[in-house]
Amino acid sequence: MNIIVCIKQVPNTTEVRINPETNTLIRDGVESVINPFDTYAIEEGVRLKEKFGGKVTVVSMGPPQAETALREAISLGCDEAILLTDRRFAGSDTWATSYTLSQAIRKINAFDVVICGKQASDGDTAQVGPGISTHLDIPQVTYVKKIERIDGNIAKVERLMEEGYEIIEIGFPCLLTVVKEINEPRLPSLRGKMKAKKAQIKKWNADDVACNIRGIGLDGSPTRVVKIFTPPARESGRILEGEIPEVCDRLVDYVKDEVI
Amino acid sequence: MDQGESRIKIIRDKCTGCAICVKACPFNALSMKDKKAVIDYDKCTICGGCQEACRFNAIEIKRVAGTRNEIDFSSYKDVWVFCEQKKGIIQTVSYELLGEGKKLAEKLNSRLCAVLLGNEVRDKVDVLYARGAEVVYMADTPKLKHYQDEPYTNVLVKLINEFKPEIVLCGATTIGRSLISRVAVRINAGLTADCTGLDIDNEKKLLLQTRPAFGGNIMATIITPEHRPQMATVRHKVMKEAKVDGSLKGSLVERHYEDDVFISRTRLLDIVEEIEETVNLAEADIIVSGGRGVGGPENFDLIRNLAKVLNGAVGASRSAVDADWIPYSHQVGQTGKTVCPKIYIACGISGQIQHLIGMQSSKIIIAVNKDPDAPIFKIATYGIVGDLFQVVPALTKKFQEVLKR
């Protein structure tokens, strides 16, 4: 089974702090990590390989320093890593990003399943996974919480919905986006770390993946940011003090209009 | 690569070295060198934040005009809302979008239209008129009974290509996010996810789409200048529902398509509803959440009881889910769900940033925690420092009395 996992390097939000004076993000010294949702995609890809054989290729689009994320993916069991890096990719929105990634997947060519995290923790759009499958014209299931089984070229998966889940059958080649519930990612093994250190990370630019230059980066992005601002800080409210029954009375009084 | 090859550059003659752009950059890509701004091209995403902040027009972003689309903008009219239904029930987020869509349509002097796809949903057309839709575009067939990506995408693409809406809005639900992302790529349109604010630029008549990024720490306003339609998904509970006015009437446009439009390479085998979720977290007006302080799975009954009295939903922090006290579908926060209820009651939740990201836009936040220094109190509208095992039952009892439930 040939598996492709798409990942993104993002700032580690556990370390993101807000400057209380300017109410802006303090990004100095913030470590970059693999998007938390993508760690489940990596783990699921590696588990499929362990069960059915084959290999896992991990792909990321980003600046040169995203190589660190790809090395980490190798330490977690991925076999090959490709970094799509080119200044011409800068300014890509989800349309251009999914186009670029789909071109790389076309170049890799032989694959059964593409796995993505459900969304990235910095942009939170959940648009790139479905965008890739549409560019490749393959079926998809989003928000997969379990791969129940795989018989030949057909997978039976569970898709997390607001009120429960759906059970869906999907043929290969296909794309799945996965949620946290699907597995518990392993830690890198010592052997994995050694392998990651020595691994060759392939670097592809726009020409390598035969991108139409009009479809990438700033020009390939239909959407454009026109303004960035920090939202007004949420005012911290008040601590209600006193005996519990009395405090509860007051609280219910304050909010009852919203409840009824 | 030198500066000349990149799409963004600093015009050194104009740069006064004021360093405002350095602060404005959300990606730390700008710094000062020899009293002039310089760009770290490996960090820059060309988001344009610096250009907007610069008072001296010293930052230039080069764009190639008329990129891929040679389209006639004047042929694109009307504001469309994709009205999601499940088992024939229109999801409330669709009514919220009709409310917001009406305002946009008025500003554009165009019509508000609804798209309704499903099986035996004809009786919902009047409901959509009453919510302000002037036209309902409908495809009603057993083949659209349940949502599936490909048939729904194909039908929506066909409708958009035939009738050319200027704006398409859709709820940022599980279905909405999967569907509309596919549609946008198919028709080469711009799509902005999870908007919390929509408006019209009066001068250019463009849709202004405002959304949070980095877990709500930054807001960005986004436009789609050269592609049509302009598409956006919107979160639950952010916009006000359209009021019901039974006297409103509209017109129905129905379409039937050939079988190949409904071909799906996925097959829906079953829909399993999890009974515990009597109320959908995303749609709940009130959410009562428990965290580590709840102490064990059996104690979640305290949380459930309060939620029940308030007709609310039960949420949980990551630590409660990781301890297997409650299923993952209840998790609120960065790796769970983002919610925006009228009231969020956090019980025994300390308020790690990952949790706050998922609930900080709630209208009223009530926090109950033993630790007076818990970060949750910093964002809470009302805080009670105390033992949740005493406070929560007392609150439940009091609400019961007041609400007579």
# chains A, B, ... in the order shown; residues from 1 in each chain; ligands from 1
>>> interface_residues(of="chain A", to="chain B", cutoff="6 Å", atoms="only C-alpha atoms", output="PyMOL selection string")
chain A and resi 63+90-91+122-123+125+127+130-131+134+139+163-170+222-230+236-240+248
>>> select_by_dssp(residues="stretch 17-255 of chain A", states="strand (DSSP E)", output="PyMOL selection string")
chain A and resi 17-19+24-26+32-34+55-61+80-84+113-117+140-151+154-160+164-171+174-178+201-204+224-229+238-240
>>> residues_around(residues="B:Lys164", least_positions_apart="2", cutoff="9 Å", atoms="only C-alpha atoms", output="MDAnalysis selection string")
chainID B and resid 75:78 159:162 166:167 228:229
>>> write_last_selection(atoms="C-alpha atoms", output="CSV table (one decimal), in the first residue's frame")
chain,number,residue,atom,x,y,z
B,75,SER,CA,-23.2,38.6,-14.9
B,76,TYR,CA,-22.8,37.5,-11.3
B,77,LYS,CA,-25.7,38.6,-9.1
B,78,ASP,CA,-27.5,37.6,-5.9
B,159,LEU,CA,-26.5,25.5,-10.1
B,160,ILE,CA,-23.7,28.0,-9.6
B,161,ASN,CA,-22.6,27.7,-13.2
B,162,GLU,CA,-26.1,28.2,-14.5
B,166,GLU,CA,-22.1,36.9,-6.7
B,167,ILE,CA,-21.8,35.5,-3.1
B,228,ARG,CA,-16.7,34.9,-8.7
B,229,PRO,CA,-18.6,33.8,-6.7
>>> residues_around(residues="B:Tyr147", least_positions_apart="6", cutoff="10 Å", atoms="only C-alpha atoms", output="PDB file with C-alpha atoms, in the first residue's frame")
ATOM      1  CA  GLU B  84     -27.992  22.459   5.063  1.00  0.00           C
ATOM      2  CA  GLN B  85     -30.618  19.918   6.049  1.00  0.00           C
ATOM      3  CA  LYS B  86     -30.297  16.641   7.874  1.00  0.00           C
ATOM      4  CA  LYS B  87     -33.246  14.240   7.766  1.00  0.00           C
ATOM      5  CA  LEU B 117     -30.795  19.942  -1.719  1.00  0.00           C
ATOM      6  CA  GLY B 118     -32.359  16.759  -0.372  1.00  0.00           C
ATOM      7  CA  THR B 153     -20.743  19.002  -5.069  1.00  0.00           C
ATOM      8  CA  ILE B 175     -20.833  18.889   5.913  1.00  0.00           C
ATOM      9  CA  LEU B 179     -18.740  20.366   0.494  1.00  0.00           C
ATOM     10  CA  LEU B 268     -22.851   5.748   2.983  1.00  0.00           C
TER      11      LEU B 268
END
>>> closest_residue(among="B:Ile263, B:Arg235, B:Val127, B:Glu241", to="B:Tyr152", atoms="only C-alpha atoms")
B:Ile263
>>> residues_around(residues="stretch 156-162 of chain A", least_positions_apart="6", cutoff="6 Å", atoms="only C-alpha atoms", output="list of chain:residue names")
A:Tyr143, A:Val144, A:Lys145, A:Lys146, A:Ile147, A:Glu148, A:Arg149, A:Ile168, A:Glu169
>>> residues_around(residues="B:Gly295", least_positions_apart="2", cutoff="12 Å", atoms="only C-alpha atoms", output="number ranges by chain")
B: 290-293, 297-303, 319-321, 323-326, 347-349, 387-389
>>> write_last_selection(atoms="C-alpha atoms", output="compact mmCIF listing (two decimals), in the first residue's frame")
# COMPACT_ATOMS: atom_id res chain seq x y z
CA GLY B 290 -16.16 19.70 32.89
CA GLY B 291 -12.41 19.42 33.24
CA ARG B 292 -9.84 17.69 35.35
CA GLY B 293 -11.45 19.07 38.50
CA PRO B 297 -16.40 9.73 34.94
CA GLU B 298 -19.14 9.21 37.54
CA ASN B 299 -18.95 12.86 38.60
CA PHE B 300 -19.84 14.03 35.10
CA ASP B 301 -23.45 13.48 36.15
CA LEU B 302 -23.17 16.78 38.03
CA ILE B 303 -22.27 18.49 34.76
CA SER B 319 -7.73 16.27 30.10
CA ALA B 320 -11.20 14.89 30.91
CA VAL B 321 -11.37 13.30 27.46
CA ALA B 323 -8.68 10.34 30.98
CA ASP B 324 -11.59 8.57 29.23
CA TRP B 325 -14.19 10.17 31.46
CA ILE B 326 -16.25 11.28 28.47
CA CYS B 347 -16.42 23.62 35.79
CA GLY B 348 -13.07 22.48 37.11
CA ILE B 349 -11.31 23.68 33.95
CA ASP B 387 -15.42 23.58 45.10
CA LEU B 388 -17.43 22.55 42.05
CA PHE B 389 -18.97 19.68 44.03
>>> closest_residue(among="B:Ser31, B:Thr196, B:Ser94, B:Asn57", to="B:Ala242", atoms="only C-alpha atoms")
B:Ser94
>>> atom_distance(atom1="atom CA of B:Ser251", atom2="atom CA of B:His146")
25.0 Å
>>> closest_residue(among="B:His355, B:Arg12, B:Lys237, B:Lys204", to="B:Glu100", atoms="only C-alpha atoms")
B:Lys237
>>> atom_distance(atom1="atom CA of A:Glu235", atom2="atom CA of B:Ser362")
12.7 Å
